[in-house]
Each structure stands twice: as structure tokens, then as C-alpha cells.
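S.K.: What follows is the file query_3.pdb, containing PDB, C-alpha atoms:
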```pdb
ATOM      1  CA  MET E   3     109.986 106.943  67.361
ATOM      2  CA  SER E   4     111.354 103.452  68.020
ATOM      3  CA  LEU E   5     115.019 102.822  68.640
ATOM      4  CA  PRO E   6     117.100 102.288  65.503
ATOM      5  CA  SER E   7     117.201  98.681  64.307
ATOM      6  CA  GLN E   8     120.917  98.839  63.506
ATOM      7  CA  TYR E   9     123.609  99.811  65.993
ATOM      8  CA  PRO E  10     126.992  98.526  67.138
ATOM      9  CA  SER E  11     126.745  95.144  68.864
ATOM     10  CA  LEU E  12     128.646  95.426  72.133
ATOM     11  CA  ARG E  13     130.459  92.458  73.644
ATOM     12  CA  VAL E  14     129.077  91.968  77.142
ATOM     13  CA  VAL E  15     130.089  89.580  79.932
ATOM     14  CA  VAL E  16     127.631  89.144  82.799
ATOM     15  CA  ILE E  17     128.918  87.344  85.903
ATOM     16  CA  GLY E  18     126.104  86.668  88.296
ATOM     17  CA  SER E  19     123.120  84.723  89.512
ATOM     18  CA  TYR E  20     120.273  82.786  87.984
ATOM     19  CA  ASN E  21     117.134  82.178  90.083
ATOM     20  CA  THR E  22     113.765  80.672  89.379
ATOM     21  CA  ASP E  23     111.254  83.156  90.813
ATOM     22  CA  LEU E  24     108.292  81.580  92.612
ATOM     23  CA  VAL E  25     105.760  84.397  92.934
ATOM     24  CA  ILE E  26     102.612  84.410  95.082
ATOM     25  CA  TRP E  27     100.280  87.375  94.701
ATOM     26  CA  CYS E  28      98.620  88.612  97.879
ATOM     27  CA  ASP E  29      96.670  91.498  99.395
ATOM     28  CA  ALA E  30      99.248  91.894 102.158
ATOM     29  CA  ILE E  31     102.659  90.344 102.778
ATOM     30  CA  PRO E  32     102.387  87.892 105.695
ATOM     31  CA  VAL E  33     104.139  88.768 108.943
ATOM     32  CA  ARG E  34     106.028  86.423 111.246
ATOM     33  CA  GLY E  35     103.871  83.503 112.384
ATOM     34  CA  GLN E  36     101.034  84.371 110.014
ATOM     35  CA  SER E  37      99.527  82.034 107.406
ATOM     36  CA  ILE E  38      97.139  83.642 104.951
ATOM     37  CA  LEU E  39      95.344  82.639 101.787
ATOM     38  CA  GLY E  40      97.039  84.359  98.882
ATOM     39  CA  GLY E  41      96.252  84.680  95.212
ATOM     40  CA  ASP E  42      97.703  83.298  91.996
ATOM     41  CA  PHE E  43     101.036  81.499  91.844
ATOM     42  CA  GLU E  44     103.426  82.206  88.961
ATOM     43  CA  MET E  45     106.896  80.935  88.077
ATOM     44  CA  PHE E  46     109.411  82.970  86.088
ATOM     45  CA  SER E  47     113.074  83.042  85.142
ATOM     46  CA  GLY E  48     114.985  85.560  87.224
ATOM     47  CA  GLY E  49     118.163  86.262  89.159
ATOM     48  CA  ARG E  50     119.927  89.612  89.050
ATOM     49  CA  GLY E  51     122.660  88.362  86.747
ATOM     50  CA  ALA E  52     120.427  86.458  84.334
ATOM     51  CA  ASN E  53     117.956  89.346  84.112
ATOM     52  CA  CYS E  54     120.768  91.686  83.117
ATOM     53  CA  ALA E  55     122.022  89.168  80.543
ATOM     54  CA  VAL E  56     118.558  88.874  78.976
ATOM     55  CA  ALA E  57     118.174  92.664  78.912
ATOM     56  CA  ALA E  58     121.524  93.097  77.155
ATOM     57  CA  ALA E  59     120.779  90.313  74.669
ATOM     58  CA  ARG E  60     117.382  91.802  73.791
ATOM     59  CA  CYS E  61     119.103  95.158  73.358
ATOM     60  CA  GLY E  62     121.226  93.546  70.632
ATOM     61  CA  CYS E  63     124.482  92.850  72.461
ATOM     62  CA  GLU E  64     126.681  89.761  72.189
ATOM     63  CA  VAL E  65     126.276  88.345  75.709
ATOM     64  CA  LYS E  66     128.204  85.713  77.664
ATOM     65  CA  PHE E  67     126.623  84.669  80.967
ATOM     66  CA  VAL E  68     128.984  83.311  83.622
ATOM     67  CA  GLY E  69     127.544  81.530  86.652
ATOM     68  CA  ALA E  70     126.348  78.180  87.949
ATOM     69  CA  HIS E  71     123.259  76.023  88.251
ATOM     70  CA  GLY E  72     122.365  72.635  89.689
ATOM     71  CA  SER E  73     121.479  69.394  87.909
ATOM     72  CA  ASP E  74     117.808  69.785  88.895
ATOM     73  CA  THR E  75     114.734  70.707  86.853
ATOM     74  CA  PHE E  76     115.254  74.426  87.499
ATOM     75  CA  GLY E  77     118.770  74.127  86.066
ATOM     76  CA  LYS E  78     117.446  72.597  82.850
ATOM     77  CA  MET E  79     114.890  75.418  82.651
ATOM     78  CA  ALA E  80     117.692  77.966  83.072
ATOM     79  CA  LEU E  81     119.756  76.506  80.232
ATOM     80  CA  ALA E  82     116.773  76.409  77.893
ATOM     81  CA  ARG E  83     115.679  79.944  78.720
ATOM     82  CA  LEU E  84     119.062  81.635  78.319
ATOM     83  CA  SER E  85     119.789  79.711  75.121
ATOM     84  CA  ARG E  86     116.459  80.841  73.701
ATOM     85  CA  GLU E  87     117.496  84.452  74.360
ATOM     86  CA  GLY E  88     120.692  83.968  72.357
ATOM     87  CA  VAL E  89     122.976  84.181  75.406
ATOM     88  CA  ASP E  90     126.289  82.310  75.348
ATOM     89  CA  ILE E  91     126.026  79.821  78.252
ATOM     90  CA  SER E  92     129.262  77.902  77.656
ATOM     91  CA  ASP E  93     130.509  79.164  81.040
ATOM     92  CA  PHE E  94     127.189  78.772  82.881
ATOM     93  CA  ILE E  95     128.395  75.639  84.602
ATOM     94  CA  GLU E  96     126.609  72.778  86.360
ATOM     95  CA  LEU E  97     127.489  72.050  89.994
ATOM     96  CA  PRO E  98     125.930  68.628  90.693
ATOM     97  CA  SER E  99     126.297  69.024  94.462
ATOM     98  CA  SER E 100     124.367  72.342  94.476
ATOM     99  CA  LYS E 101     120.803  73.377  93.753
ATOM    100  CA  THR E 102     119.782  75.947  91.153
ATOM    101  CA  GLY E 103     118.876  79.286  92.724
ATOM    102  CA  VAL E 104     115.286  79.874  93.825
ATOM    103  CA  ALA E 105     113.612  83.079  95.034
ATOM    104  CA  MET E 106     110.296  83.021  96.889
ATOM    105  CA  ILE E 107     108.508  86.332  96.269
ATOM    106  CA  PHE E 108     105.371  87.714  97.910
ATOM    107  CA  GLN E 109     103.917  90.430  95.670
ATOM    108  CA  GLU E 110     101.119  92.724  96.849
ATOM    109  CA  ARG E 111      98.450  93.270  94.208
ATOM    110  CA  LYS E 112      97.623  96.926  94.837
ATOM    111  CA  THR E 113     100.995  98.380  95.831
ATOM    112  CA  ALA E 114     104.623  98.221  94.771
ATOM    113  CA  ALA E 115     105.481  96.294  97.924
ATOM    114  CA  HIS E 116     107.083  92.874  97.799
ATOM    115  CA  ALA E 117     109.217  90.631  99.974
ATOM    116  CA  ALA E 118     111.669  88.059  98.664
ATOM    117  CA  LEU E 119     113.733  85.263 100.162
ATOM    118  CA  VAL E 120     116.569  83.880  98.013
ATOM    119  CA  SER E 121     118.013  80.413  98.628
ATOM    120  CA  ILE E 122     121.663  79.526  99.063
ATOM    121  CA  SER E 123     122.487  77.764  95.811
ATOM    122  CA  ALA E 124     124.967  77.226  92.998
ATOM    123  CA  ASN E 125     125.049  81.031  92.711
ATOM    124  CA  ASN E 126     126.986  81.109  95.983
ATOM    125  CA  HIS E 127     129.132  78.035  95.327
ATOM    126  CA  PHE E 128     130.982  78.680  92.067
ATOM    127  CA  SER E 129     134.549  79.781  92.667
ATOM    128  CA  PRO E 130     136.859  82.613  91.557
ATOM    129  CA  ALA E 131     138.503  80.044  89.265
ATOM    130  CA  LEU E 132     135.514  80.368  86.926
ATOM    131  CA  VAL E 133     136.146  84.111  86.648
ATOM    132  CA  ARG E 134     139.805  83.466  85.864
ATOM    133  CA  GLN E 135     138.699  80.940  83.236
ATOM    134  CA  VAL E 136     136.739  83.639  81.371
ATOM    135  CA  GLU E 137     139.449  86.300  81.735
ATOM    136  CA  PRO E 138     140.117  86.268  77.952
ATOM    137  CA  ALA E 139     136.432  87.073  77.308
ATOM    138  CA  ILE E 140     136.540  89.833  79.928
ATOM    139  CA  ARG E 141     139.665  91.256  78.301
ATOM    140  CA  GLU E 142     137.897  91.416  74.903
ATOM    141  CA  SER E 143     134.615  92.791  76.266
ATOM    142  CA  ASP E 144     133.108  96.258  76.003
ATOM    143  CA  LEU E 145     131.162  95.934  79.259
ATOM    144  CA  VAL E 146     131.224  93.646  82.294
ATOM    145  CA  PHE E 147     128.163  93.452  84.560
ATOM    146  CA  THR E 148     127.971  91.946  88.028
ATOM    147  CA  GLN E 149     125.899  92.160  91.231
ATOM    148  CA  PHE E 150     125.998  90.988  94.848
ATOM    149  CA  GLU E 151     123.980  87.749  94.556
ATOM    150  CA  ILE E 152     127.212  85.716  94.302
ATOM    151  CA  SER E 153     130.039  84.967  96.740
ATOM    152  CA  PRO E 154     132.330  87.768  98.010
ATOM    153  CA  SER E 155     135.437  85.915  96.805
ATOM    154  CA  VAL E 156     134.062  85.849  93.252
ATOM    155  CA  LEU E 157     133.216  89.553  93.437
ATOM    156  CA  LEU E 158     136.758  90.400  94.546
ATOM    157  CA  GLU E 159     138.183  88.442  91.612
ATOM    158  CA  ILE E 160     135.895  90.304  89.188
ATOM    159  CA  TYR E 161     137.053  93.643  90.641
ATOM    160  CA  ARG E 162     140.709  92.576  90.361
ATOM    161  CA  ILE E 163     140.540  91.362  86.763
ATOM    162  CA  CYS E 164     138.484  94.312  85.511
ATOM    163  CA  HIS E 165     140.812  96.771  87.250
ATOM    164  CA  HIS E 166     143.861  95.018  85.786
ATOM    165  CA  HIS E 167     142.493  95.153  82.226
ATOM    166  CA  ARG E 168     140.898  98.600  82.651
ATOM    167  CA  LYS E 169     137.446  97.322  81.718
ATOM    168  CA  HIS E 170     134.095  99.069  81.936
ATOM    169  CA  LEU E 171     132.691  97.341  85.054
ATOM    170  CA  VAL E 172     129.016  97.947  85.877
ATOM    171  CA  VAL E 173     127.869  96.932  89.365
ATOM    172  CA  HIS E 174     124.262  96.455  90.427
ATOM    173  CA  ALA E 175     124.813  96.832  94.176
ATOM    174  CA  ALA E 176     122.164  94.424  95.472
ATOM    175  CA  PRO E 177     121.483  92.696  97.730
ATOM    176  CA  VAL E 178     123.653  94.519 100.279
ATOM    177  CA  GLN E 179     124.418  92.415 103.360
ATOM    178  CA  HIS E 180     127.108  92.464 106.041
ATOM    179  CA  PRO E 181     129.983  91.940 105.754
ATOM    180  CA  ILE E 182     130.236  94.218 102.707
ATOM    181  CA  HIS E 183     132.959  93.501 100.150
ATOM    182  CA  PHE E 184     133.266  96.633  98.026
ATOM    183  CA  PRO E 185     136.880  97.847  98.034
ATOM    184  CA  LYS E 186     138.192 100.988  96.395
ATOM    185  CA  SER E 187     138.781 100.222  92.738
ATOM    186  CA  SER E 188     137.823 101.397  89.241
ATOM    187  CA  TYR E 189     134.077 101.097  88.666
ATOM    188  CA  TYR E 190     132.472 102.512  85.528
ATOM    189  CA  LEU E 191     128.887 102.598  86.776
ATOM    190  CA  LEU E 192     127.127 101.620  90.002
ATOM    191  CA  VAL E 193     123.340 101.287  90.223
ATOM    192  CA  ALA E 194     121.479 100.790  93.509
ATOM    193  CA  ASP E 195     118.218 101.419  95.316
ATOM    194  CA  ASP E 196     118.502 104.239  97.836
ATOM    195  CA  PHE E 197     118.270 101.989 100.913
ATOM    196  CA  GLU E 198     120.981  99.695  99.505
ATOM    197  CA  ALA E 199     123.260 102.673  98.825
ATOM    198  CA  LEU E 200     122.825 103.764 102.454
ATOM    199  CA  LEU E 201     123.768 100.289 103.687
ATOM    200  CA  LEU E 202     126.704 100.004 101.300
ATOM    201  CA  THR E 203     128.301 103.288 102.324
ATOM    202  CA  GLY E 204     127.121 103.641 105.930
ATOM    203  CA  CYS E 205     125.899 107.155 105.129
ATOM    204  CA  ASP E 206     122.600 108.602 106.328
ATOM    205  CA  GLU E 207     121.473 110.410 103.162
ATOM    206  CA  VAL E 208     121.716 109.819  99.433
ATOM    207  CA  ARG E 209     123.916 112.796  98.481
ATOM    208  CA  ALA E 210     126.511 111.684 101.025
ATOM    209  CA  CYS E 211     126.277 108.151  99.572
ATOM    210  CA  ILE E 212     127.072 109.478  96.124
ATOM    211  CA  ARG E 213     130.114 111.403  97.372
ATOM    212  CA  ASP E 214     131.359 108.302  99.200
ATOM    213  CA  LEU E 215     130.936 106.103  96.125
ATOM    214  CA  HIS E 216     132.907 108.535  93.951
ATOM    215  CA  GLN E 217     135.669 108.489  96.567
ATOM    216  CA  ARG E 218     135.743 104.684  96.308
ATOM    217  CA  GLY E 219     136.436 104.915  92.574
ATOM    218  CA  VAL E 220     132.944 104.835  91.058
ATOM    219  CA  GLN E 221     132.919 107.099  87.998
ATOM    220  CA  ASN E 222     129.151 107.161  87.424
ATOM    221  CA  VAL E 223     126.325 106.572  89.920
ATOM    222  CA  ILE E 224     122.587 106.025  89.450
ATOM    223  CA  ILE E 225     120.413 105.728  92.561
ATOM    224  CA  LYS E 226     116.778 104.648  92.343
ATOM    225  CA  GLU E 227     115.063 106.786  94.982
ATOM    226  CA  ASN E 228     111.585 105.306  94.471
ATOM    227  CA  HIS E 229     109.475 104.026  91.604
ATOM    228  CA  HIS E 230     109.231 107.558  90.205
ATOM    229  CA  SER E 231     112.737 109.082  90.094
ATOM    230  CA  LEU E 232     116.449 108.411  89.697
ATOM    231  CA  ILE E 233     119.353 110.534  90.864
ATOM    232  CA  TYR E 234     122.564 110.382  88.848
ATOM    233  CA  SER E 235     126.079 111.788  89.209
ATOM    234  CA  ASP E 236     129.372 111.637  87.328
ATOM    235  CA  GLY E 237     131.288 113.380  90.104
ATOM    236  CA  THR E 238     130.899 116.776  88.450
ATOM    237  CA  LYS E 239     127.245 117.018  87.503
ATOM    238  CA  CYS E 240     124.317 115.622  89.456
ATOM    239  CA  GLY E 241     120.710 115.473  88.284
ATOM    240  CA  ILE E 242     117.298 113.879  88.745
ATOM    241  CA  GLN E 243     115.539 111.844  86.074
ATOM    242  CA  LEU E 244     111.815 111.141  86.383
ATOM    243  CA  VAL E 245     110.641 107.632  85.511
ATOM    244  CA  PRO E 246     107.851 107.707  82.897
ATOM    245  CA  PRO E 247     104.531 106.556  84.345
ATOM    246  CA  ALA E 248     103.405 103.046  83.430
ATOM    247  CA  PRO E 249     100.670 100.651  84.565
ATOM    248  CA  PHE E 250     102.284  98.902  87.518
ATOM    249  CA  VAL E 251     102.331  95.100  87.551
ATOM    250  CA  GLN E 252     105.511  94.223  89.465
ATOM    251  CA  ASP E 253     109.083  95.430  89.922
ATOM    252  CA  ALA E 254     111.094  92.189  89.876
ATOM    253  CA  GLY E 255     113.929  92.675  87.400
ATOM    254  CA  SER E 256     113.288  96.400  86.989
ATOM    255  CA  VAL E 257     116.629  97.601  88.402
ATOM    256  CA  GLU E 258     118.511  95.021  86.328
ATOM    257  CA  CYS E 259     116.674  96.416  83.297
ATOM    258  CA  LEU E 260     117.728  99.935  84.294
ATOM    259  CA  THR E 261     121.312  98.768  84.872
ATOM    260  CA  ALA E 262     121.684  97.032  81.516
ATOM    261  CA  TRP E 263     120.155  99.765  79.368
ATOM    262  CA  ALA E 264     121.911 102.588  81.222
ATOM    263  CA  GLY E 265     125.283 100.823  81.052
ATOM    264  CA  ILE E 266     124.961 100.045  77.345
ATOM    265  CA  SER E 267     123.845 103.545  76.385
ATOM    266  CA  LEU E 268     126.500 105.143  78.629
ATOM    267  CA  VAL E 269     129.416 103.259  77.073
ATOM    268  CA  SER E 270     128.057 104.066  73.616
ATOM    269  CA  SER E 271     127.195 107.747  74.125
ATOM    270  CA  GLY E 272     129.421 108.929  76.987
ATOM    271  CA  ASP E 273     126.411 110.888  78.297
ATOM    272  CA  LEU E 274     125.257 109.848  81.798
ATOM    273  CA  ALA E 275     122.147 112.056  81.749
ATOM    274  CA  TYR E 276     121.019 110.473  78.495
ATOM    275  CA  ALA E 277     121.940 106.973  79.714
ATOM    276  CA  THR E 278     119.824 107.529  82.827
ATOM    277  CA  GLU E 279     116.893 108.681  80.678
ATOM    278  CA  VAL E 280     117.131 105.540  78.542
ATOM    279  CA  GLY E 281     117.423 103.380  81.667
ATOM    280  CA  ALA E 282     114.370 105.071  83.177
ATOM    281  CA  ARG E 283     112.299 104.317  80.090
ATOM    282  CA  ALA E 284     113.414 100.699  80.077
ATOM    283  CA  MET E 285     112.662 100.334  83.795
ATOM    284  CA  SER E 286     109.214 101.874  83.316
ATOM    285  CA  PHE E 287     108.467  99.276  80.644
ATOM    286  CA  SER E 288     109.636  96.521  83.012
ATOM    287  CA  PHE E 289     107.174  97.680  85.696
ATOM    288  CA  SER E 290     104.269  97.018  83.334
ATOM    289  CA  GLN E 291     105.141  93.382  82.565
ATOM    290  CA  HIS E 292     104.818  90.030  84.336
ATOM    291  CA  GLY E 293     107.990  88.211  85.395
ATOM    292  CA  ALA E 294     111.557  89.416  85.893
ATOM    293  CA  GLY E 295     113.304  88.008  82.821
ATOM    294  CA  ASP E 296     110.157  88.333  80.730
ATOM    295  CA  SER E 297     109.888  92.057  81.521
ATOM    296  CA  MET E 298     113.068  93.059  79.663
ATOM    297  CA  PRO E 299     112.186  95.196  76.592
ATOM    298  CA  TYR E 300     113.331  94.918  73.002
ATOM    299  CA  PRO E 301     114.480  98.183  71.351
ATOM    300  CA  SER E 302     111.261  98.346  69.328
ATOM    301  CA  GLU E 303     109.273  98.498  72.587
ATOM    302  CA  LEU E 304     110.974 101.680  73.805
ATOM    303  CA  SER E 305     110.342 105.173  72.483
ATOM    304  CA  ILE E 306     113.395 107.439  72.333
ATOM    305  CA  ASP E 307     113.823 110.980  70.993
ATOM    306  CA  PRO E 308     114.760 110.508  67.308
ATOM    307  CA  CYS E 309     117.221 113.391  67.599
ATOM    308  CA  ARG E 310     119.133 111.386  70.241
ATOM    309  CA  PRO E 311     119.825 107.901  68.849
ATOM    310  CA  ILE E 312     120.750 105.487  71.613
ATOM    311  CA  PHE E 313     124.144 104.589  70.134
ATOM    312  CA  PRO E 314     125.379 107.802  68.513
ATOM    313  CA  LEU E 315     129.109 107.593  69.169
ATOM    314  CA  PRO E 316     131.895 105.039  68.645
ATOM    315  CA  HIS E 317     133.165 103.513  71.865
ATOM    316  CA  SER E 318     136.611 102.651  73.226
ATOM    317  CA  PRO E 319     136.350  99.370  75.134
ATOM    318  CA  ASN E 320     139.787  99.585  76.709
ATOM    319  CA  VAL E 321     139.498 103.000  78.353
ATOM    320  CA  ILE E 322     137.813 103.658  81.696
TER     321      ILE E 322
END
```
Would you write the structure of this file as C-alpha cells?
M.R.:
Amino acid sequence: MSLPSQYPSLRVVVIGSYNTDLVIWCDAIPVRGQSILGGDFEMFSGGRGANCAVAAARCGCEVKFVGAHGSDTFGKMALARLSREGVDISDFIELPSSKTGVAMIFQERKTAAHAALVSISANNHFSPALVRQVEPAIRESDLVFTQFEISPSVLLEIYRICHHHRKHLVVHAAPVQHPIHFPKSSYYLLVADDFEALLLTGCDEVRACIRDLHQRGVQNVIIKENHHSLIYSDGTKCGIQLVPPAPFVQDAGSVECLTAWAGISLVSSGDLAYATEVGARAMSFSFSQHGAGDSMPYPSELSIDPCRPIFPLPHSPNVI
């Protein structure tokens, strides 16, 4: 049965990146010094922050996207795309001296493998002052989402403000690069690929990563081990959720899809196992679609157990 058409509309603030994804399909990802003839070229809206914002908006949430773009053609495309999705872009600011984010992606046709290179851009140049500017919206929100495709100083300000107001902060821990800025604080949910969790914590296996993250103040953890399974933990119970099989097209945006749907269903149900199941279904759908932002599902496109509605319980936005 499809998801219910009526459910509480959560207030969501997403602070993060927008990128235009330039995708070239190929039989094999080129290695250093190699030039090869690839396949089709495609251009999509992407960026870890924007993908999450689109996912939350399509889920039915009231979404504010906070970030930056340039005055170039890609910036105009970003404004048009997010507006079309019903996202509030009043704090998606223009930085005339910066370029809009771009990601060059090589996507293998027959495997899940891809390689991506993301440009330095307006995503890295907006300041913590923008986060302070939207502090009233953060204070009134039910969920705050962020990721690591923005500057460390902005991330630290997000952590500070969310901790101060005891907000439900959801972190998509990617991309992980040194130096790592992830202090002990109050985090509602962290989602990461397994290799990124290893880098983030310095541990050598996933279970140790999960223990370390709980010690840093993460209440709920979801780790994507591969394209087929997720491991989740709330510090007391740990489990594995299989990802439903789907025809594979690409995985750009898939973890953002998982992050948004899991975070929304977790804050609404209080059930991490169920939230992980919903996130797995959403991610599976994303695998089967073209383009990162375009691959985010609407509720009608996901099938959920009718005995477990996605938003069964009232929520308390001010309690972590």
C-alpha cells in the first residue's frame, strides 16, 4: 500500500551544498594519465544538501534550504530547480565572487562504481554568519540536516546552535576529509557509508565505529555497508536492514535520500528500526532513477506496510 497522503508537515532546515552534477557514463573509470572515449553525458541538479532538501520537500515537509551559489548559469538553474520543488530559498544566497558548485562524475554502466570530483565553490565560501542569520528558523524547526560539503567553520556553528537549542540534528557524514571537524556534541542521527565512518572515527571495523560515534554524542547511527544492507544502532539495540532489490541505474543522491527519509520517519515514530526500513526503501527507489535530485521519491512511489504508517506518533521538536 502507498504511504498515507495526509501526515504532519515537519519544519525542516537543511544547511548544505548545491552542485550541478556533470555525469559521463563509461565502461571503466579512467586512471591517471588515461583519456578514453566514454558514453552519454548528462547534467542534473545535485549536492548533498540540495538533494536532502528535495527529498524532504517531496516527502511533504516545509523545507528551508540554507547555502550559497554564484551569479553564473548554474546558480540560476539552482534557484529555479529548488523553487520548483517548493523549497524556501530565501537564505540560499548569491556570492558574486564565487562559482556555483559543480561535480564531475564518472559513472560505470555495468557496476555500481563511480568517481566524483567536486569543485571549490560558493558551498565552501559562505560564512557562519549565515547560520546565525537563520537561527530563529532553526529554533522553530523539527529537524535540521547538514553534511560535510561545506566549510568546517560553518559546521561548527551548526553544531553549536543546534546543541544550544536542543534540536534534532541529522548529519550525513560525507565527504570525510582531513582535518576532521566532528566534536563531541548532541547529534540525533548520523548516516554514513562504511568507509567514511572508518575515516571519521579512525576505527578499523564498523562495530567499533558505531561505539565511537555513540561516545561522541550520536544518539542514532545508520551505516550503509554496501548497496544491499544497512546497519543501525541506538546505543542499546543494533540491527541489520536489507535494502530491497531494484534495477540499478546510479547511486548519486541515494544516501541523501536515505538520510532524509530515515530522519523524518525517526522523529515522527521514535523507532530507529522502522526509520531504517523506510530509508532503505527510499534509497532503493533512488538507485533505479537517473540523476541525484531527480531520484528522490514522492510518498506515493514507496510501498510501506499499511499496519505501520510512516508518521504514526506525535513528535516533540524541542526534545533530543
S.K.: Name the residues that the PyMOL selection byres ((chain E and resi 279) around 10) pulls out of this structure, and write them as a compact mmCIF listing (two decimals) with C-alpha atoms, in the coordinates of the input.
M.R.:
```
# COMPACT_ATOMS: atom_id res chain seq x y z
CA LEU E 232 116.45 108.41 89.70
CA ILE E 242 117.30 113.88 88.74
CA GLN E 243 115.54 111.84 86.07
CA LEU E 244 111.82 111.14 86.38
CA VAL E 245 110.64 107.63 85.51
CA PRO E 246 107.85 107.71 82.90
CA LEU E 260 117.73 99.94 84.29
CA TRP E 263 120.16 99.76 79.37
CA ALA E 264 121.91 102.59 81.22
CA SER E 267 123.84 103.54 76.39
CA LEU E 274 125.26 109.85 81.80
CA ALA E 275 122.15 112.06 81.75
CA TYR E 276 121.02 110.47 78.50
CA ALA E 277 121.94 106.97 79.71
CA THR E 278 119.82 107.53 82.83
CA VAL E 280 117.13 105.54 78.54
CA GLY E 281 117.42 103.38 81.67
CA ALA E 282 114.37 105.07 83.18
CA ARG E 283 112.30 104.32 80.09
CA ALA E 284 113.41 100.70 80.08
CA MET E 285 112.66 100.33 83.80
CA ILE E 306 113.40 107.44 72.33
```
S.K.: How would you write, as a PyMOL selection string, the residues chosen by the PyMOL selection byres ((chain E and resi 127) around 9) on this structure?
M.R.: chain E and resi 70+97+100+122-126+128-129+152-153
S.K.: Could you tell me, as a compact mmCIF listing (two decimals) with C-alpha atoms, in the coordinates of the input, which residues have any atom at most 12 Å from (106.0, 92.2, 80.6), counting only C-alpha atoms?
M.R.:
```
# COMPACT_ATOMS: atom_id res chain seq x y z
CA PHE E 46 109.41 82.97 86.09
CA ALA E 248 103.40 103.05 83.43
CA PRO E 249 100.67 100.65 84.56
CA PHE E 250 102.28 98.90 87.52
CA VAL E 251 102.33 95.10 87.55
CA GLN E 252 105.51 94.22 89.46
CA ASP E 253 109.08 95.43 89.92
CA ALA E 254 111.09 92.19 89.88
CA GLY E 255 113.93 92.68 87.40
CA SER E 256 113.29 96.40 86.99
CA CYS E 259 116.67 96.42 83.30
CA ALA E 284 113.41 100.70 80.08
CA MET E 285 112.66 100.33 83.80
CA SER E 286 109.21 101.87 83.32
CA PHE E 287 108.47 99.28 80.64
CA SER E 288 109.64 96.52 83.01
CA PHE E 289 107.17 97.68 85.70
CA SER E 290 104.27 97.02 83.33
CA GLN E 291 105.14 93.38 82.56
CA HIS E 292 104.82 90.03 84.34
CA GLY E 293 107.99 88.21 85.40
CA ALA E 294 111.56 89.42 85.89
CA GLY E 295 113.30 88.01 82.82
CA ASP E 296 110.16 88.33 80.73
CA SER E 297 109.89 92.06 81.52
CA MET E 298 113.07 93.06 79.66
CA PRO E 299 112.19 95.20 76.59
CA TYR E 300 113.33 94.92 73.00
CA GLU E 303 109.27 98.50 72.59
```
S.K.: Give me the box for stretch 108-115 of chain E as lines of an AutoDock Vina configuration file, namely the centre and edge lengths in Å to one decimal of a box along x, y and z that holds every listed atom plus 5 Å on each side.
M.R.:
```
center_x = 101.6
center_y = 93.0
center_z = 96.1
size_x = 17.9
size_y = 20.7
size_z = 13.7
```
S.K.: Please determine, counting all atoms listed in the file, which residue among E:Val120, E:Cys54, E:Val65, E:Val136 has the shortest atom-to-atom distance to E:Met106.
M.R.: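 The shortest atom-to-atom distance to E:Met106 comes from E:Val120.
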S.K.: I need the residue nearest E:Glu137 from this list: E:Leu157, E:Pro177, E:Ala115, E:His166. Use only C-alpha atoms for the distance.
M.R.: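 Closest to E:Glu137, using only C-alpha atoms: E:His166.
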S.K.: Pick from E:Ser235, E:Thr22, E:Asn53, E:Thr203: nearest to E:Ile107, with all atoms listed in the file counted?
M.R.: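 Distance minimum relative to E:Ile107 lands on E:Thr22.
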S.K.: Please compute the atom CA of E:Arg134-atom CA of E:Lys66 distance, one decimal, in Å.
M.R.: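 These atoms are spaced 14.4 Å apart.
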